[in-house]
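Since the structure comes first, as structure tokens, the remarks are kept for the end.
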Amino acid sequence: MPRYLAPGLGLVILTAIPSLAMAQASTEDLVRQGAYIARAADCMACHTNPGGKSYGGGYVISSPLGDIIATNISPSRQYGIGNWTETQFSRAVREGIAPEGHLYPAMPYTAYSGISDADIHALYLYFTKGTKPVDLPPERHTALPFPFNQRWLMAGWNLLYSTGKPMSAATTAAGGTQRGEYLVKVLAHCSTCHTPRNIGMSEDQSRFLAGADLGGWHAPNLTSDAISGLGGWSDDELKSYLRDGAAHGKSQAAGGMAEAVEHSLRHLNDADLDAIVRYLRTVKPVRNPNQSRPGFSVTTGKPVDLAVLDAPINRSPDALANASSINGAELYTGACASCHQLNGQGTHDQFYPSLTSNTAVGGPTAQNLVMAILKGVNRATNNGTVTMPAFEKQLNDAQVASVANYVLQRFGNDAIHVNAADVTLLKEGGAKPFLVRYAQIAAIGGVSIMAVLVFVILMIIRRKKRNSSKK
Ligand code: HEC
Ligand code: HEC
Ligand code: HEC
């Protein structure tokens, strides 16, 4: 090699090394960006079975239609998405169409349809290069009853309801003007739980974030309304609820919200949490007509009846197991007062929270009170784990109703009364929506009735849509 070439070659190598390093760093950066987007979008909550391998699937989502099993989305070539192209990945995540057919909207693609092109690219790199393959066959497959096992029916549903378009990266990237909206509507998909659904089981956008039921729990109203929504919460309270799952004197996160906090929201940076809070302030207020004061506004409980304390009752937790007592006061002193205190004020540090000034007890529905008693609270936070025991095995439904009524009477919304049948219904996941109840009846009658029913519903919806667009 001629001598004069050597320094030139050296120069080329010297300049090539940093640019190579830069190319590598930028893939790494993208994988890191994808990891953060996956957190914000909470892919983990559904695609990882508790105790199982990350993104190995198997988690069961109980929908009103039956159990839907989240799939393996690790880069396993045999069982996951290791062979998928970026286009296939993007269509599955944003449009609900996997190579093998339509997905059910239990996979929140209606929200993810807004994911920007830049973020879907980063997500793809993260799922193909930043996670470990889980080479395990699925334990269970989704098998919904007819007619819902006809996945192609989703194509019609998508035509009507899945109309989102990717948002622009320019406004939704960190620090962008639409970052908060992007987090709430798209990535963190708050509305899939907090927006009520219409007759066709799609989110009712006229009541965006106005509160909805899911699996027995109630995801409360998050609009800016001062009585039914978050108008009475300070920015700090809202931020600490999202980050820690608890805002003293307001509310605690259990059920699906505990999962959202544990797997997703507590990992977000401060700027993103602030952006969510700022955006929520702008959401159109929706008032619940049956509500005249905020759920946290009952600040002092009614005094305890001293006769209850003096009565010769057995307050030990063991006594509950024999299921003899249905006296609410007795049950409360035995099962709840050790943590929430006799007067319901909780402990000083609010590690055991007050039941007064608590939306689960003072709000327009007792669902979260009943569900918390049945299922308990279990949430990993950035400072340790928060647990309240589940009482569904210790108390029968009549006892749960009775202790709930006692708590409502003394510490919260004394206009509500629950009975054992209400508790049983919530245990089974709550009331079923219209489409499910009727489509199943239709299925028994035959496909034709089903087809007519779906057609009629679609026509009603189309007319409604046309009418509302004429206005
Ligand atoms: C609320 C629960 C939930 C969340 C959150 C969720 N998924 Fe899913 N996902 C599902 C379910 C359930 C399925 C299977 C649906 C079906 O069988 O129709 C699924 C299916 C998929 C599929 C298709 C897999 C296949 O083998 O066909 C992909 C890809 C996917 N999800 C990626 C993601 C990504 C990426 C995220 C985060 C951005 C995410 N999911 C968040 C529930 C969820
Ligand atoms: C998987 C369903 C789900 C998702 C996703 C979800 N939530 Fe929730 N949320 C709930 C449920 C259920 C509750 C009631 C929890 C309880 O009382 O134990 C709740 C409670 C809340 C509360 C307390 C309200 C009150 O009046 O007590 C706030 C605030 C909240 N969520 C905000 C959000 C925001 C913001 C997002 C998106 C960033 C979000 N949630 C996403 C299900 C969800
Ligand atoms: C061992 C202590 C303990 C006992 C016993 C206990 N709780 Fe709790 N409770 C907690 C903790 C801890 C939380 C959640 C605190 C947090 O999230 O920061 C909680 C939360 C709650 C909430 C709010 C739940 C929500 O989803 O919004 C209600 C309501 C409640 N408890 C009622 C009761 C009732 C009624 C009983 C008796 C049947 C009871 N608790 C027994 C510790 C306890």
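Ligands are numbered from 1 in the order shown, residues from 1 within each chain, and chains are lettered A, B, ... in the order they appear in the structure tokens.
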Contacts of chain A with ligand 1 up to 6 Å, shortest pair per row, only C-alpha atoms and all ligand atoms, as a Markdown table:
| residue | atom | partner | partner_atom_place_in_ligand_line | distance |
| --- | --- | --- | --- | --- |
| A:Ala38 | CA | ligand 1 | 38 (C) | 5.2 |
| A:Ala41 | CA | ligand 1 | 38 (C) | 4.9 |
| A:Asp42 | CA | ligand 1 | 5 (C) | 5.0 |
| A:Cys43 | CA | ligand 1 | 37 (C) | 3.5 |
| A:Ala45 | CA | ligand 1 | 5 (C) | 6.0 |
| A:Cys46 | CA | ligand 1 | 2 (C) | 4.3 |
| A:Ile68 | CA | ligand 1 | 12 (C) | 5.4 |
| A:Ile69 | CA | ligand 1 | 12 (C) | 5.2 |
| A:Ala70 | CA | ligand 1 | 12 (C) | 3.7 |
| A:Thr71 | CA | ligand 1 | 14 (C) | 5.3 |
| A:Ile73 | CA | ligand 1 | 29 (C) | 5.8 |
| A:Phe89 | CA | ligand 1 | 29 (C) | 5.5 |
| A:Ala92 | CA | ligand 1 | 29 (C) | 5.3 |
| A:Val93 | CA | ligand 1 | 32 (C) | 5.4 |
| A:Ala98 | CA | ligand 1 | 27 (O) | 4.9 |
| A:Leu103 | CA | ligand 1 | 18 (O) | 3.2 |
| A:Tyr104 | CA | ligand 1 | 18 (O) | 3.9 |
| A:Ala106 | CA | ligand 1 | 12 (C) | 4.9 |
| A:Met107 | CA | ligand 1 | 42 (C) | 3.6 |
| A:Pro108 | CA | ligand 1 | 1 (C) | 5.8 |
Counting only C-alpha atoms and all ligand atoms, what are the residues of chain A within 8 Å of ligand 3, and for each of them which pair of atoms is the nearest and at what distance in Å, to one decimal? Sort the table by chain and rising number, as JSON lines.
{"residue": "A:Asp244", "atom": "CA", "partner": "ligand 3", "partner_atom_place_in_ligand_line": "18 (O)", "distance": 8.0}
{"residue": "A:Gly245", "atom": "CA", "partner": "ligand 3", "partner_atom_place_in_ligand_line": "17 (O)", "distance": 6.1}
{"residue": "A:Ala246", "atom": "CA", "partner": "ligand 3", "partner_atom_place_in_ligand_line": "18 (O)", "distance": 5.0}
{"residue": "A:Ala247", "atom": "CA", "partner": "ligand 3", "partner_atom_place_in_ligand_line": "18 (O)", "distance": 7.8}
{"residue": "A:Ser251", "atom": "CA", "partner": "ligand 3", "partner_atom_place_in_ligand_line": "27 (O)", "distance": 5.5}
{"residue": "A:Gln252", "atom": "CA", "partner": "ligand 3", "partner_atom_place_in_ligand_line": "17 (O)", "distance": 4.3}
{"residue": "A:Ala253", "atom": "CA", "partner": "ligand 3", "partner_atom_place_in_ligand_line": "26 (O)", "distance": 5.3}
{"residue": "A:Ala254", "atom": "CA", "partner": "ligand 3", "partner_atom_place_in_ligand_line": "26 (O)", "distance": 4.4}
{"residue": "A:Gly255", "atom": "CA", "partner": "ligand 3", "partner_atom_place_in_ligand_line": "26 (O)", "distance": 7.0}
{"residue": "A:Leu331", "atom": "CA", "partner": "ligand 3", "partner_atom_place_in_ligand_line": "38 (C)", "distance": 7.2}
{"residue": "A:Tyr332", "atom": "CA", "partner": "ligand 3", "partner_atom_place_in_ligand_line": "37 (C)", "distance": 5.7}
{"residue": "A:Gly334", "atom": "CA", "partner": "ligand 3", "partner_atom_place_in_ligand_line": "37 (C)", "distance": 7.9}
{"residue": "A:Ala335", "atom": "CA", "partner": "ligand 3", "partner_atom_place_in_ligand_line": "37 (C)", "distance": 4.6}
{"residue": "A:Cys336", "atom": "CA", "partner": "ligand 3", "partner_atom_place_in_ligand_line": "37 (C)", "distance": 3.4}
{"residue": "A:Ala337", "atom": "CA", "partner": "ligand 3", "partner_atom_place_in_ligand_line": "5 (C)", "distance": 6.8}
{"residue": "A:Ser338", "atom": "CA", "partner": "ligand 3", "partner_atom_place_in_ligand_line": "5 (C)", "distance": 5.9}
{"residue": "A:Cys339", "atom": "CA", "partner": "ligand 3", "partner_atom_place_in_ligand_line": "2 (C)", "distance": 4.4}
{"residue": "A:His340", "atom": "CA", "partner": "ligand 3", "partner_atom_place_in_ligand_line": "7 (N)", "distance": 6.2}
{"residue": "A:Gln350", "atom": "CA", "partner": "ligand 3", "partner_atom_place_in_ligand_line": "18 (O)", "distance": 7.2}
{"residue": "A:Phe351", "atom": "CA", "partner": "ligand 3", "partner_atom_place_in_ligand_line": "18 (O)", "distance": 5.6}
{"residue": "A:Tyr352", "atom": "CA", "partner": "ligand 3", "partner_atom_place_in_ligand_line": "12 (C)", "distance": 4.8}
{"residue": "A:Pro353", "atom": "CA", "partner": "ligand 3", "partner_atom_place_in_ligand_line": "15 (C)", "distance": 5.4}
{"residue": "A:Leu355", "atom": "CA", "partner": "ligand 3", "partner_atom_place_in_ligand_line": "29 (C)", "distance": 6.1}
{"residue": "A:Asn358", "atom": "CA", "partner": "ligand 3", "partner_atom_place_in_ligand_line": "23 (C)", "distance": 7.2}
{"residue": "A:Thr359", "atom": "CA", "partner": "ligand 3", "partner_atom_place_in_ligand_line": "27 (O)", "distance": 6.9}
{"residue": "A:Ala360", "atom": "CA", "partner": "ligand 3", "partner_atom_place_in_ligand_line": "27 (O)", "distance": 4.7}
{"residue": "A:Val361", "atom": "CA", "partner": "ligand 3", "partner_atom_place_in_ligand_line": "29 (C)", "distance": 5.7}
{"residue": "A:Asn368", "atom": "CA", "partner": "ligand 3", "partner_atom_place_in_ligand_line": "26 (O)", "distance": 5.2}
{"residue": "A:Leu369", "atom": "CA", "partner": "ligand 3", "partner_atom_place_in_ligand_line": "29 (C)", "distance": 4.3}
{"residue": "A:Val370", "atom": "CA", "partner": "ligand 3", "partner_atom_place_in_ligand_line": "29 (C)", "distance": 7.5}
{"residue": "A:Met371", "atom": "CA", "partner": "ligand 3", "partner_atom_place_in_ligand_line": "26 (O)", "distance": 7.2}
{"residue": "A:Ala372", "atom": "CA", "partner": "ligand 3", "partner_atom_place_in_ligand_line": "26 (O)", "distance": 5.0}
{"residue": "A:Ile373", "atom": "CA", "partner": "ligand 3", "partner_atom_place_in_ligand_line": "38 (C)", "distance": 5.2}
{"residue": "A:Gly376", "atom": "CA", "partner": "ligand 3", "partner_atom_place_in_ligand_line": "8 (Fe)", "distance": 7.2}
{"residue": "A:Val377", "atom": "CA", "partner": "ligand 3", "partner_atom_place_in_ligand_line": "14 (C)", "distance": 5.8}
{"residue": "A:Asn378", "atom": "CA", "partner": "ligand 3", "partner_atom_place_in_ligand_line": "14 (C)", "distance": 7.8}
{"residue": "A:Arg379", "atom": "CA", "partner": "ligand 3", "partner_atom_place_in_ligand_line": "17 (O)", "distance": 7.5}
{"residue": "A:Val386", "atom": "CA", "partner": "ligand 3", "partner_atom_place_in_ligand_line": "12 (C)", "distance": 5.3}
{"residue": "A:Thr387", "atom": "CA", "partner": "ligand 3", "partner_atom_place_in_ligand_line": "12 (C)", "distance": 4.7}
{"residue": "A:Met388", "atom": "CA", "partner": "ligand 3", "partner_atom_place_in_ligand_line": "42 (C)", "distance": 4.0}
{"residue": "A:Pro389", "atom": "CA", "partner": "ligand 3", "partner_atom_place_in_ligand_line": "1 (C)", "distance": 6.0}
{"residue": "A:Phe391", "atom": "CA", "partner": "ligand 3", "partner_atom_place_in_ligand_line": "38 (C)", "distance": 6.7}
{"residue": "A:Val400", "atom": "CA", "partner": "ligand 3", "partner_atom_place_in_ligand_line": "38 (C)", "distance": 7.4}
{"residue": "A:Val403", "atom": "CA", "partner": "ligand 3", "partner_atom_place_in_ligand_line": "35 (C)", "distance": 6.4}
{"residue": "A:Ala404", "atom": "CA", "partner": "ligand 3", "partner_atom_place_in_ligand_line": "35 (C)", "distance": 6.0}
{"residue": "A:Val407", "atom": "CA", "partner": "ligand 3", "partner_atom_place_in_ligand_line": "35 (C)", "distance": 6.3}
(message) For the helix (DSSP H, G or I) assignment from backbone DSSP, which residues of stretch 42-191 of chain A qualify? Please present them as a count of residues only.
(response) 56
(request) Residues within 8 Å of ligand 2 should be enumerated using only C-alpha atoms and all ligand atoms and returned as a PyMOL selection string. (result) chain A and resi 183-185+188-194+213-214+217-222+229-230+238+241-242+250-260+265+276-277+280+295+358-360+363+368-369+372+377
(message) Please list as a ChimeraX atom specification every residue within 7 Å of A:Ser357, counting only C-alpha atoms and excluding residues in the same chain fewer than 4 positions away.
(response) /A:249-250,296-299
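Among A:Ile120, A:Gly412, A:Tyr59, A:Ala329, the residue with the shortest atom-to-atom distance to A:Gln88, counting only C-alpha atoms, is A:Ile120.
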(message) When you count only C-alpha atoms, which of these residues is closest to A:Val134: A:Pro105, A:His47, A:Asp119, A:Gly164?
(response) A:His47
(request) Check the smallest atom-to-atom distance from each of A:Phe146, A:Tyr406, A:Phe127, A:Trp233 to A:Gly344 using only C-alpha atoms, then report the winner. (result) A:Tyr406
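Distances here use only C-alpha atoms; by that measure, the residue among A:Asn382, A:Val283, A:Asp29, A:Gly231 closest to A:His267 is A:Asn382.
Using only C-alpha atoms, the shortest contact distance between A:Glu428 and any of A:Thr171, A:Lys239, A:Gly66, A:Phe148 is found at A:Gly66.
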